[in-house]
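Q: Input structure: entry35.txt, which contains compact mmCIF, C-alpha atoms.
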```txt
# COMPACT_ATOMS: atom_id res chain seq x y z
CA GLY A 1 -39.71 -59.38 8.73
CA SER A 2 -37.65 -56.43 9.52
CA PRO A 3 -38.10 -53.12 7.72
CA VAL A 4 -35.75 -52.40 4.82
CA THR A 5 -33.90 -49.10 5.06
CA ALA A 6 -32.39 -47.45 2.05
CA VAL A 7 -28.66 -46.86 2.10
CA PRO A 8 -27.95 -43.34 0.82
CA ASP A 9 -25.85 -43.10 -2.33
CA HIS A 10 -23.03 -40.61 -1.63
CA ARG A 11 -21.52 -40.71 -5.15
CA GLY A 12 -23.57 -37.65 -6.16
CA ASP A 13 -22.36 -35.75 -3.07
CA ARG A 14 -18.75 -35.78 -4.33
CA ALA A 15 -19.76 -34.42 -7.75
CA THR A 16 -21.83 -31.72 -6.09
CA ALA A 17 -18.93 -30.82 -3.80
CA ARG A 18 -16.59 -30.58 -6.82
CA ARG A 19 -19.02 -28.21 -8.55
CA LEU A 20 -19.49 -26.07 -5.44
CA LEU A 21 -15.79 -25.82 -4.59
CA PRO A 22 -15.02 -23.03 -7.14
CA VAL A 23 -18.13 -21.12 -6.00
CA LEU A 24 -17.08 -21.44 -2.37
CA ALA A 25 -13.53 -20.33 -3.22
CA ALA A 26 -14.89 -17.28 -5.06
CA VAL A 27 -17.10 -16.35 -2.09
CA VAL A 28 -14.14 -16.68 0.29
CA ALA A 29 -12.00 -14.52 -2.04
CA VAL A 30 -14.66 -11.80 -2.26
CA VAL A 31 -15.05 -11.75 1.52
CA ALA A 32 -11.26 -11.61 2.00
CA ILE A 33 -10.94 -8.74 -0.48
CA GLY A 34 -13.76 -6.90 1.28
CA VAL A 35 -12.12 -7.35 4.67
CA LEU A 36 -8.71 -6.24 3.34
CA GLY A 37 -10.29 -3.21 1.67
CA TRP A 38 -12.08 -2.29 4.87
CA LEU A 39 -8.86 -2.71 6.86
CA ALA A 40 -6.93 -0.56 4.37
CA PHE A 41 -9.63 2.12 4.49
CA THR A 42 -9.87 2.22 8.26
CA ALA A 43 -6.15 1.74 9.05
CA GLY A 44 -5.30 5.38 8.44
CA ASN A 45 -8.04 6.76 10.67
CA GLY A 46 -8.33 4.32 13.53
CA GLY A 47 -11.50 2.81 12.04
CA ASP A 48 -13.81 5.38 13.60
CA ASP A 49 -13.97 8.03 10.88
CA ASP A 50 -17.24 8.17 9.01
CA GLY A 51 -16.00 11.04 6.85
CA ARG A 52 -18.11 13.65 8.68
CA THR A 53 -15.57 14.61 11.33
CA PRO A 54 -13.58 17.71 10.35
CA ARG A 55 -9.85 17.04 9.89
CA ALA A 56 -8.89 19.38 12.75
CA GLU A 57 -11.01 17.32 15.15
CA ARG A 58 -9.58 14.02 13.87
CA THR A 59 -6.06 15.34 14.49
CA GLY A 60 -6.79 16.75 17.92
CA GLY A 61 -7.02 20.31 16.61
CA ARG A 62 -3.54 20.17 15.10
CA THR A 63 -3.07 20.93 11.43
CA GLY A 64 0.61 20.06 11.05
CA SER A 65 2.05 23.07 12.86
CA PRO A 66 4.32 22.41 15.82
CA SER A 67 2.61 22.09 19.15
CA SER A 68 3.93 22.79 22.62
CA SER A 69 1.73 20.10 24.18
CA PRO A 70 3.44 16.83 25.06
CA SER A 71 3.07 14.12 22.52
CA GLY A 72 1.67 10.99 24.14
CA PRO A 73 0.39 7.79 22.58
CA SER A 74 -2.99 9.38 21.79
CA GLN A 75 -1.41 12.25 19.84
CA PRO A 76 -1.15 11.72 16.06
CA ALA A 77 2.29 11.56 14.49
CA ASP A 78 3.67 14.61 12.74
CA VAL A 79 4.48 15.19 9.10
CA THR A 80 8.10 16.32 8.81
CA ALA A 81 10.55 16.79 5.95
CA ASP A 82 12.96 14.34 7.64
CA GLY A 83 10.20 11.73 8.00
CA MET A 84 9.16 12.12 4.36
CA GLU A 85 12.77 11.89 3.13
CA GLY A 86 13.39 8.84 5.32
CA PHE A 87 10.32 7.15 3.87
CA VAL A 88 11.46 7.77 0.27
CA ALA A 89 14.98 6.49 1.05
CA GLN A 90 13.48 3.35 2.63
CA TYR A 91 11.11 2.89 -0.33
CA LEU A 92 13.98 3.10 -2.84
CA ALA A 93 16.05 0.61 -0.83
CA THR A 94 13.08 -1.77 -0.58
CA VAL A 95 11.79 -1.56 -4.14
CA THR A 96 15.01 -2.84 -5.71
CA SER A 97 15.40 -5.76 -3.29
CA ASP A 98 11.75 -6.67 -2.59
CA PRO A 99 9.28 -5.12 -5.05
CA LYS A 100 6.39 -7.06 -3.52
CA SER A 101 6.95 -5.39 -0.13
CA ALA A 102 7.47 -1.99 -1.77
CA TRP A 103 4.14 -2.46 -3.60
CA THR A 104 2.40 -2.28 -0.21
CA MET A 105 3.93 1.18 0.26
CA LEU A 106 1.54 2.49 -2.45
CA THR A 107 -2.12 3.32 -1.84
CA PRO A 108 -4.59 0.98 -3.59
CA ASP A 109 -5.58 3.82 -5.95
CA PHE A 110 -1.96 4.49 -6.89
CA GLN A 111 -1.35 0.75 -7.33
CA ALA A 112 -4.17 0.76 -9.89
CA ALA A 113 -2.83 3.93 -11.55
CA SER A 114 0.58 2.22 -11.79
CA GLY A 115 -0.87 -0.43 -14.08
CA GLY A 116 -1.00 -3.24 -11.52
CA PHE A 117 1.81 -5.21 -9.92
CA GLY A 118 2.94 -6.89 -13.16
CA GLN A 119 3.78 -3.61 -14.87
CA TYR A 120 5.29 -2.16 -11.68
CA ASN A 121 7.44 -5.24 -11.13
CA SER A 122 8.62 -5.41 -14.75
CA PHE A 123 10.12 -1.91 -14.38
CA TRP A 124 11.70 -2.45 -10.97
CA LYS A 125 13.17 -5.88 -11.73
CA SER A 126 15.36 -4.14 -14.34
CA ILE A 127 16.85 -1.84 -11.65
CA GLU A 128 19.82 -3.02 -9.59
CA SER A 129 19.86 -0.01 -7.25
CA ALA A 130 18.08 3.31 -6.75
CA ASP A 131 19.89 5.86 -4.59
CA LEU A 132 18.38 9.06 -3.26
CA VAL A 133 20.66 11.89 -4.41
CA ASP A 134 18.72 14.94 -3.25
CA ALA A 135 15.28 15.56 -1.75
CA ARG A 136 13.07 18.56 -1.13
CA ALA A 137 10.04 17.76 1.02
CA ASP A 138 7.04 20.02 1.67
CA PRO A 139 5.26 18.67 4.77
CA ALA A 140 2.29 21.04 4.32
CA SER A 141 1.35 19.48 0.96
CA ARG A 142 2.93 16.06 1.70
CA ARG A 143 4.79 16.38 -1.63
CA ILE A 144 8.41 15.40 -1.99
CA SER A 145 10.58 16.08 -5.04
CA TYR A 146 13.82 14.17 -5.33
CA THR A 147 16.58 13.08 -7.66
CA VAL A 148 17.27 9.37 -7.83
CA ALA A 149 20.32 7.67 -9.37
CA TYR A 150 19.53 4.30 -10.95
CA VAL A 151 21.92 1.49 -11.81
CA ARG A 152 20.20 -0.94 -14.14
CA ARG A 153 20.88 -4.66 -14.08
CA ASP A 154 22.61 -4.32 -17.48
CA GLY A 155 25.11 -1.91 -15.83
CA SER A 156 23.81 1.29 -17.43
CA GLN A 157 23.08 4.28 -15.22
CA ALA A 158 20.50 7.06 -15.22
CA THR A 159 19.12 9.78 -13.00
CA ASP A 160 15.54 10.90 -12.73
CA ASP A 161 13.68 13.73 -11.03
CA VAL A 162 10.54 12.48 -9.29
CA THR A 163 7.78 14.16 -7.33
CA LEU A 164 5.54 12.05 -5.11
CA THR A 165 2.55 12.87 -2.97
CA LEU A 166 2.42 10.95 0.29
CA GLN A 167 -0.51 10.06 2.48
CA GLY A 168 -0.18 9.54 6.22
CA THR A 169 2.31 10.76 8.81
CA ASP A 170 5.90 10.07 9.88
CA GLY A 171 6.36 6.35 10.29
CA ASP A 172 3.13 5.57 8.42
CA TYR A 173 3.37 6.96 4.87
CA LEU A 174 2.01 5.57 1.63
CA ILE A 175 2.65 6.89 -1.88
CA SER A 176 -0.63 8.23 -3.27
CA ASP A 177 0.44 10.01 -6.46
CA GLU A 178 3.35 10.83 -8.74
CA GLY A 179 3.93 13.97 -10.75
```
Translate this file's structure into structure tokens.
A:
Amino acid sequence: GSPVTAVPDHRGDRATARRLLPVLAAVVAVVAIGVLGWLAFTAGNGGDDDGRTPRAERTGGRTGSPSSSPSGPSQPADVTADGMEGFVAQYLATVTSDPKSAWTMLTPDFQAASGGFGQYNSFWKSIESADLVDARADPASRRISYTVAYVRRDGSQATDDVTLTLQGTDGDYLISDEG
């Protein structure tokens, strides 16, 4: 006679796969969060800063004062009052129409300090518009104080005086603190 070979029973494989699927999804999520965190951390410094390079070296010897050297692609962007004010105006226009996009304009630490996206969104979804009335930017400290006029979705109006601390440079700011 011919040898008898066992036919594998694959019913247990499906049950095992169903049990492993949540574990695999969690591992993928952890890796994705790690990669996004690494990208967020390295995005502001070109990915090559180990924290030991003095700031003046990282910025090509410039410390925010005007320079007479030409500004090429390798030169870092400046921090200017106009750039800071433009960022705040853009943030206020974005936050009332697309809070999810505006959320990415906050540093991860400030997102956490803001109580998470749910709390942030619950405030901003009650605001119809937020218009920049007046702004006073201090590029040296990256702090900007401004007056904003709100129109709430219920039609009521209010103004508020806000001071933000920004991180980054013109064209690449994030909000890192309020107050």
Q: Could you list, with a cut-off of 10 Å and counting all atoms listed in the file, the residues of stretch 76-111 of chain A near stretch 153-172 of chain A, each shown with its nearest atom pair and the distance in Å rounded to one decimal, rows sorted by chain and ascending number, as JSON lines?
A:
```
{"residue": "A:Pro76", "atom": "CA", "partner": "A:Thr169", "partner_atom": "CA", "distance": 8.1}
{"residue": "A:Ala77", "atom": "CA", "partner": "A:Thr169", "partner_atom": "CA", "distance": 5.7}
{"residue": "A:Asp78", "atom": "CA", "partner": "A:Thr169", "partner_atom": "CA", "distance": 5.7}
{"residue": "A:Val79", "atom": "CA", "partner": "A:Thr169", "partner_atom": "CA", "distance": 4.9}
{"residue": "A:Thr80", "atom": "CA", "partner": "A:Asp170", "partner_atom": "CA", "distance": 6.7}
{"residue": "A:Ala81", "atom": "CA", "partner": "A:Asp170", "partner_atom": "CA", "distance": 9.1}
{"residue": "A:Asp82", "atom": "CA", "partner": "A:Asp170", "partner_atom": "CA", "distance": 8.5}
{"residue": "A:Gly83", "atom": "CA", "partner": "A:Asp170", "partner_atom": "CA", "distance": 5.0}
{"residue": "A:Met84", "atom": "CA", "partner": "A:Asp170", "partner_atom": "CA", "distance": 6.7}
{"residue": "A:Glu85", "atom": "CA", "partner": "A:Asp170", "partner_atom": "CA", "distance": 9.8}
{"residue": "A:Gly86", "atom": "CA", "partner": "A:Asp170", "partner_atom": "CA", "distance": 8.9}
{"residue": "A:Phe87", "atom": "CA", "partner": "A:Gly171", "partner_atom": "CA", "distance": 7.6}
{"residue": "A:Val88", "atom": "CA", "partner": "A:Leu164", "partner_atom": "CA", "distance": 9.1}
{"residue": "A:Met105", "atom": "CA", "partner": "A:Asp172", "partner_atom": "CA", "distance": 9.3}
{"residue": "A:Leu106", "atom": "CA", "partner": "A:Leu166", "partner_atom": "CA", "distance": 8.9}
{"residue": "A:Thr107", "atom": "CA", "partner": "A:Gln167", "partner_atom": "CA", "distance": 8.2}
```
Q: What separation in Å, quoted to one decimal, exists between atom CA of A:Thr104 and atom CA of A:Tyr120?
A: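 Taking atom CA of A:Thr104 as the start and atom CA of A:Tyr120 as the end point, the length is 11.8 Å.
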Q: Record the distance separating atom CA of A:Gln119 and atom CA of A:Pro99, expressed in Å with one decimal.
A: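 Spanning atom CA of A:Gln119 to atom CA of A:Pro99 is a straight-line distance of 11.4 Å.
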Q: Rank A:Pro108, A:Ala89, A:Thr96, A:Tyr146 by their smallest atom-to-atom distance to A:Leu174, using only C-alpha atoms, and report the top residue only.
A: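 So, comparing all the options, the nearest one is A:Pro108.
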Q: May I have the protein, DNA and RNA residues with any atom at most 6 Å from the point (18.7, 6.9, -5.8), counting all atoms listed in the file, written as a list of chain:residue names?
A: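 Returned residue set, sorted by chain then number, is A:Ala130, A:Asp131, A:Leu132, A:Val133, A:Val148, A:Ala149, A:Tyr150.
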Q: With distances taken over only C-alpha atoms, which residue among A:Gln111, A:Ser97, A:Ser176, A:Ser145 lies nearest A:Trp124?
A: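 When distances to A:Trp124 are compared using only C-alpha atoms, the smallest one comes from A:Ser97.
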Q: In Å, with one decimal, what is the gap from atom CA of A:Arg142 to atom CA of A:Gln90?
A: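 These atoms are spaced 16.5 Å apart.
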Q: Could stretch 117-136 of chain A be completed with N, CA, C and O atoms and returned as a PDB file, in the frame of the given file?
A:
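Saved to rebuild-v7.pdb:
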```pdb
ATOM      1  N   PHE A 117       0.504  -4.745 -10.390  1.00  0.00           N
ATOM      2  CA  PHE A 117       1.810  -5.210  -9.920  1.00  0.00           C
ATOM      3  C   PHE A 117       2.690  -5.715 -11.052  1.00  0.00           C
ATOM      4  O   PHE A 117       3.908  -5.508 -11.033  1.00  0.00           O
ATOM      5  N   GLY A 118       2.124  -6.354 -12.060  1.00  0.00           N
ATOM      6  CA  GLY A 118       2.940  -6.890 -13.160  1.00  0.00           C
ATOM      7  C   GLY A 118       3.743  -5.809 -13.856  1.00  0.00           C
ATOM      8  O   GLY A 118       4.949  -5.964 -14.082  1.00  0.00           O
ATOM      9  N   GLN A 119       3.097  -4.713 -14.198  1.00  0.00           N
ATOM     10  CA  GLN A 119       3.780  -3.610 -14.870  1.00  0.00           C
ATOM     11  C   GLN A 119       4.804  -2.953 -13.941  1.00  0.00           C
ATOM     12  O   GLN A 119       5.920  -2.643 -14.345  1.00  0.00           O
ATOM     13  N   TYR A 120       4.399  -2.748 -12.707  1.00  0.00           N
ATOM     14  CA  TYR A 120       5.290  -2.160 -11.680  1.00  0.00           C
ATOM     15  C   TYR A 120       6.533  -3.027 -11.518  1.00  0.00           C
ATOM     16  O   TYR A 120       7.661  -2.539 -11.561  1.00  0.00           O
ATOM     17  N   ASN A 121       6.332  -4.323 -11.358  1.00  0.00           N
ATOM     18  CA  ASN A 121       7.440  -5.240 -11.130  1.00  0.00           C
ATOM     19  C   ASN A 121       8.345  -5.339 -12.356  1.00  0.00           C
ATOM     20  O   ASN A 121       9.563  -5.448 -12.216  1.00  0.00           O
ATOM     21  N   SER A 122       7.779  -5.286 -13.557  1.00  0.00           N
ATOM     22  CA  SER A 122       8.620  -5.410 -14.750  1.00  0.00           C
ATOM     23  C   SER A 122       9.589  -4.231 -14.849  1.00  0.00           C
ATOM     24  O   SER A 122      10.715  -4.398 -15.306  1.00  0.00           O
ATOM     25  N   PHE A 123       9.172  -3.035 -14.406  1.00  0.00           N
ATOM     26  CA  PHE A 123      10.120  -1.910 -14.380  1.00  0.00           C
ATOM     27  C   PHE A 123      11.176  -2.145 -13.308  1.00  0.00           C
ATOM     28  O   PHE A 123      12.379  -2.072 -13.582  1.00  0.00           O
ATOM     29  N   TRP A 124      10.748  -2.400 -12.084  1.00  0.00           N
ATOM     30  CA  TRP A 124      11.700  -2.450 -10.970  1.00  0.00           C
ATOM     31  C   TRP A 124      12.635  -3.644 -11.025  1.00  0.00           C
ATOM     32  O   TRP A 124      13.755  -3.571 -10.504  1.00  0.00           O
ATOM     33  N   LYS A 125      12.240  -4.742 -11.669  1.00  0.00           N
ATOM     34  CA  LYS A 125      13.170  -5.880 -11.730  1.00  0.00           C
ATOM     35  C   LYS A 125      14.344  -5.584 -12.668  1.00  0.00           C
ATOM     36  O   LYS A 125      15.348  -6.281 -12.631  1.00  0.00           O
ATOM     37  N   SER A 126      14.238  -4.520 -13.480  1.00  0.00           N
ATOM     38  CA  SER A 126      15.360  -4.140 -14.340  1.00  0.00           C
ATOM     39  C   SER A 126      16.339  -3.207 -13.631  1.00  0.00           C
ATOM     40  O   SER A 126      17.375  -2.856 -14.184  1.00  0.00           O
ATOM     41  N   ILE A 127      16.030  -2.795 -12.405  1.00  0.00           N
ATOM     42  CA  ILE A 127      16.850  -1.840 -11.650  1.00  0.00           C
ATOM     43  C   ILE A 127      17.633  -2.560 -10.561  1.00  0.00           C
ATOM     44  O   ILE A 127      17.050  -3.237  -9.712  1.00  0.00           O
ATOM     45  N   GLU A 128      18.945  -2.413 -10.599  1.00  0.00           N
ATOM     46  CA  GLU A 128      19.820  -3.020  -9.590  1.00  0.00           C
ATOM     47  C   GLU A 128      19.786  -2.205  -8.295  1.00  0.00           C
ATOM     48  O   GLU A 128      19.698  -2.755  -7.199  1.00  0.00           O
ATOM     49  N   SER A 129      19.884  -0.870  -8.431  1.00  0.00           N
ATOM     50  CA  SER A 129      19.860  -0.010  -7.250  1.00  0.00           C
ATOM     51  C   SER A 129      19.253   1.339  -7.616  1.00  0.00           C
ATOM     52  O   SER A 129      19.285   1.760  -8.769  1.00  0.00           O
ATOM     53  N   ALA A 130      18.683   1.977  -6.608  1.00  0.00           N
ATOM     54  CA  ALA A 130      18.080   3.310  -6.750  1.00  0.00           C
ATOM     55  C   ALA A 130      18.480   4.103  -5.522  1.00  0.00           C
ATOM     56  O   ALA A 130      18.022   3.808  -4.423  1.00  0.00           O
ATOM     57  N   ASP A 131      19.362   5.092  -5.715  1.00  0.00           N
ATOM     58  CA  ASP A 131      19.890   5.860  -4.590  1.00  0.00           C
ATOM     59  C   ASP A 131      19.339   7.271  -4.595  1.00  0.00           C
ATOM     60  O   ASP A 131      19.366   7.954  -5.627  1.00  0.00           O
ATOM     61  N   LEU A 132      18.874   7.705  -3.436  1.00  0.00           N
ATOM     62  CA  LEU A 132      18.380   9.060  -3.260  1.00  0.00           C
ATOM     63  C   LEU A 132      19.564  10.020  -3.287  1.00  0.00           C
ATOM     64  O   LEU A 132      20.467   9.921  -2.468  1.00  0.00           O
ATOM     65  N   VAL A 133      19.566  10.943  -4.262  1.00  0.00           N
ATOM     66  CA  VAL A 133      20.660  11.890  -4.410  1.00  0.00           C
ATOM     67  C   VAL A 133      20.345  13.183  -3.664  1.00  0.00           C
ATOM     68  O   VAL A 133      21.187  13.726  -2.955  1.00  0.00           O
ATOM     69  N   ASP A 134      19.121  13.665  -3.832  1.00  0.00           N
ATOM     70  CA  ASP A 134      18.720  14.940  -3.250  1.00  0.00           C
ATOM     71  C   ASP A 134      17.209  14.898  -3.056  1.00  0.00           C
ATOM     72  O   ASP A 134      16.501  14.297  -3.869  1.00  0.00           O
ATOM     73  N   ALA A 135      16.732  15.538  -1.996  1.00  0.00           N
ATOM     74  CA  ALA A 135      15.280  15.560  -1.750  1.00  0.00           C
ATOM     75  C   ALA A 135      14.864  16.907  -1.196  1.00  0.00           C
ATOM     76  O   ALA A 135      15.597  17.536  -0.431  1.00  0.00           O
ATOM     77  N   ARG A 136      13.676  17.328  -1.610  1.00  0.00           N
ATOM     78  CA  ARG A 136      13.070  18.560  -1.130  1.00  0.00           C
ATOM     79  C   ARG A 136      11.626  18.231  -0.757  1.00  0.00           C
ATOM     80  O   ARG A 136      10.785  18.038  -1.628  1.00  0.00           O
TER      81      ARG A 136
END
```
